[in-house]
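See structure below.
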Amino acid sequence: RELSWHDEWRARSHDLQGKPVERARNGILRQPQYLPVITKRARMYLHYIVDRVEARDLPMELALVPLVESMLNPFAASPSRAAGLWRIMPRTGKSLALEQNWWYDGRKDIRTSTRAALDYLESLNKRFDGDWMLTLAAYNAGKGRVAKAQRSNARAGKPTDYWSLRLPLETRTYVPKIIA
């Protein structure tokens, strides 16, 4: 039987309950306001995101990306100018045909940004041969950075999976946060 996206994700996630995921889980639990805030915001946005993820037959865990990116805040912005629930960078938003001007920013539009983020995740997943860990790392750090780390490891005869790559600290903690 061929594995579905969901089976593949769960098969890989089963082996990921190590220290990085444990640290991420403990970090979440140490923030007493995290779950109440997320629960309140989830009532407004999570159903729509789950519906869109499900409609594309993607791993349901992808619906958790906005929790890690923005705590489900559609007006979230980072110092690097990433914005919206999915915290999409301006340049990435333009490449995904998200309108951005003084009046409207498609990165902050729930429907438009969700469509664009899921399109982007699907394209990254194709680029990384169906590996969702590498896909999420590329969503966070950029596909060029992840591909460069893979090439470096391959030249050195090392594994090229997410857990073996030298990536920025933020990216090394990103996937464990989603799993946690």
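So you can find residues: chains in the structure tokens are A, B, ... in the order shown, residues in each start at 1, and ligands are numbered from 1 in order.
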
> Leaving out Asn73 (chain A) and any residue of its chain fewer than 3 positions from it, which residues lie within 8 Å of it when counting only C-alpha atoms, given as a PyMOL selection string?
Replying inline: chain A and resi 41+70+76+84-85

Using 9 Å as the limit and counting only C-alpha atoms, can you tabulate each residue of region 16-135 of chain A that touches region 157-165 of chain A, with its shortest atom-to-atom distance in Å and the two atoms involved, as a tab-separated table?
residue	atom	partner	partner_atom	distance
A:Asp131	CA	A:Asp161	CA	8.4
A:Met133	CA	A:Tyr162	CA	5.9
A:Leu134	CA	A:Tyr162	CA	5.4

Selection file, all heavy atoms, as a PDB file, in the first residue's frame:
ATOM      1  N   ASP A 131       9.808  15.409   1.416  1.00  0.00           N
ATOM      2  CA  ASP A 131      10.276  15.385   2.808  1.00  0.00           C
ATOM      3  C   ASP A 131       9.712  16.607   3.540  1.00  0.00           C
ATOM      4  O   ASP A 131      10.146  17.746   3.315  1.00  0.00           O
ATOM      5  CB  ASP A 131      11.806  15.398   2.847  1.00  0.00           C
ATOM      6  CG  ASP A 131      12.362  15.224   4.247  1.00  0.00           C
ATOM      7  OD1 ASP A 131      11.840  15.858   5.195  1.00  0.00           O
ATOM      8  OD2 ASP A 131      13.329  14.458   4.398  1.00  0.00           O
ATOM      9  N   MET A 133       9.938  17.505   6.702  1.00  0.00           N
ATOM     10  CA  MET A 133      10.857  18.177   7.635  1.00  0.00           C
ATOM     11  C   MET A 133      11.691  19.209   6.876  1.00  0.00           C
ATOM     12  O   MET A 133      11.850  20.350   7.330  1.00  0.00           O
ATOM     13  CB  MET A 133      11.791  17.176   8.323  1.00  0.00           C
ATOM     14  CG  MET A 133      11.124  16.053   9.066  1.00  0.00           C
ATOM     15  SD  MET A 133      10.032  16.645  10.357  1.00  0.00           S
ATOM     16  CE  MET A 133       8.723  15.460  10.188  1.00  0.00           C
ATOM     17  N   LEU A 134      12.211  18.805   5.712  1.00  0.00           N
ATOM     18  CA  LEU A 134      12.988  19.742   4.889  1.00  0.00           C
ATOM     19  C   LEU A 134      12.088  20.854   4.348  1.00  0.00           C
ATOM     20  O   LEU A 134      12.504  22.011   4.261  1.00  0.00           O
ATOM     21  CB  LEU A 134      13.679  19.008   3.743  1.00  0.00           C
ATOM     22  CG  LEU A 134      14.786  18.049   4.153  1.00  0.00           C
ATOM     23  CD1 LEU A 134      15.278  17.249   2.945  1.00  0.00           C
ATOM     24  CD2 LEU A 134      15.947  18.789   4.820  1.00  0.00           C
TER      25      LEU A 134
END

> Which distance in Å separates CA of Arg107 (chain A) and CA of Tyr45 (chain A), to one decimal?
Replying inline: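 Calculated distance between CA of Arg107 (chain A) and CA of Tyr45 (chain A) is 14.5 Å.
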
>> List as a PyMOL selection string the protein and nucleic acid residues near Glu99 (chain A), meaning an atom at most 12 Å away when only C-alpha atoms are counted, but skip any in the same chain fewer than 5 places from it.
In response: chain A and resi 90-94+104-109+112-113+116

I need the chosen residues saved as a tab-separated table (two decimals), in the first residue's frame, with C-alpha atoms.
chain	number	residue	atom	x	y	z
A	90	PRO	CA	7.59	40.62	1.40
A	91	ARG	CA	9.63	39.13	-1.42
A	92	THR	CA	8.10	35.68	-0.97
A	93	GLY	CA	4.66	37.29	-0.93
A	94	LYS	CA	5.36	38.99	-4.25
A	104	TYR	CA	-3.89	46.28	1.38
A	105	ASP	CA	-1.45	43.53	2.30
A	106	GLY	CA	-2.46	40.08	1.07
A	107	ARG	CA	-0.09	38.52	3.60
A	108	LYS	CA	-2.51	39.66	6.33
A	109	ASP	CA	-5.63	38.43	4.52
A	112	THR	CA	-5.38	34.85	0.46
A	113	SER	CA	-2.38	34.19	2.69
A	116	ALA	CA	-0.48	31.28	-0.88

> as a PyMOL selection string, which residues of region 12-109 of chain A does DSSP assign to alpha helix (DSSP H)?
Replying inline: chain A and resi 12-14+19-29+34-55+65-70+90-95

> Any idea what's packed within 10 Å of Val175 (chain A), counting only C-alpha atoms, ignoring anything in its chain fewer than 6 positions away? Could you give it as a list in words?
Replying inline: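 Close residues of Val175 (chain A): Leu16, Pro20, Val21, Ala24, Val65, Val68, Trp132, Met133, Leu134, Thr135, Leu136, Ala137, Asn140, Tyr162 and Trp163 of chain A.
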
How would the residues just chosen look if you wrote them out with N, CA and C atoms as a tab-separated table (two decimals), in the first residue's frame?
chain	number	residue	atom	x	y	z
A	16	LEU	N	10.59	11.24	16.15
A	16	LEU	CA	11.07	12.58	16.46
A	16	LEU	C	10.75	13.03	17.88
A	20	PRO	N	15.01	17.63	21.02
A	20	PRO	CA	14.52	18.91	20.47
A	20	PRO	C	13.01	19.10	20.63
A	21	VAL	N	12.25	18.04	20.41
A	21	VAL	CA	10.80	18.14	20.54
A	21	VAL	C	10.42	18.30	22.02
A	24	ALA	N	11.04	21.85	23.01
A	24	ALA	CA	10.01	22.73	22.46
A	24	ALA	C	8.71	22.59	23.25
A	65	VAL	N	1.40	25.46	11.54
A	65	VAL	CA	2.45	26.42	11.18
A	65	VAL	C	2.10	27.84	11.64
A	68	VAL	N	2.99	28.51	15.31
A	68	VAL	CA	4.41	28.76	15.56
A	68	VAL	C	4.85	30.08	14.96
A	132	TRP	N	8.74	16.37	4.43
A	132	TRP	CA	8.07	17.48	5.12
A	132	TRP	C	8.97	18.18	6.12
A	133	MET	N	9.94	17.50	6.70
A	133	MET	CA	10.86	18.18	7.64
A	133	MET	C	11.69	19.21	6.88
A	134	LEU	N	12.21	18.80	5.71
A	134	LEU	CA	12.99	19.74	4.89
A	134	LEU	C	12.09	20.85	4.35
A	135	THR	N	10.85	20.51	4.03
A	135	THR	CA	9.90	21.51	3.54
A	135	THR	C	9.68	22.59	4.59
A	136	LEU	N	9.44	22.18	5.83
A	136	LEU	CA	9.22	23.16	6.90
A	136	LEU	C	10.49	23.96	7.19
A	137	ALA	N	11.64	23.31	7.14
A	137	ALA	CA	12.90	24.04	7.34
A	137	ALA	C	13.06	25.10	6.25
A	140	ASN	N	10.93	28.12	6.74
A	140	ASN	CA	11.48	29.00	7.76
A	140	ASN	C	12.75	29.71	7.31
A	162	TYR	N	16.80	16.59	7.52
A	162	TYR	CA	16.67	17.78	8.36
A	162	TYR	C	17.53	17.73	9.62
A	163	TRP	N	17.49	16.61	10.32
A	163	TRP	CA	18.17	16.50	11.62
A	163	TRP	C	19.69	16.52	11.49

>> For a test of reading the model, state the distance in Å between CA of Leu98 (chain A) and CA of Arg115 (chain A), rounded to one decimal.
In response: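 Answer for the CA of Leu98 (chain A) to CA of Arg115 (chain A) separation: 9.9 Å.
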
> Which neighbours of region 29-40 of chain A fall inside 9 Å, counting only C-alpha atoms, when residues of the same chain fewer than 6 positions from it are skipped, and could you give them as a PyMOL selection string?
Replying inline: chain A and resi 67+71-72

>> To one decimal place in Å, what is the distance between CA of Lys177 (chain A) and CA of Asn26 (chain A)?
In response: 10.0 Å

> Per DSSP on the backbone, what are the strand (DSSP E or B) residues of chain A, as a list in words?
Replying inline: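 Residues meeting the strand (DSSP E or B) criterion: Ala77, Ala83, Ile88, Gln100 and Asp105 of chain A.
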
> Restricting the calculation to only C-alpha atoms, which member of A:Ala149, A:Ile88, A:Ile49, A:Leu124 is positioned closest to Leu64 (chain A)?
Replying inline: A:Ile49
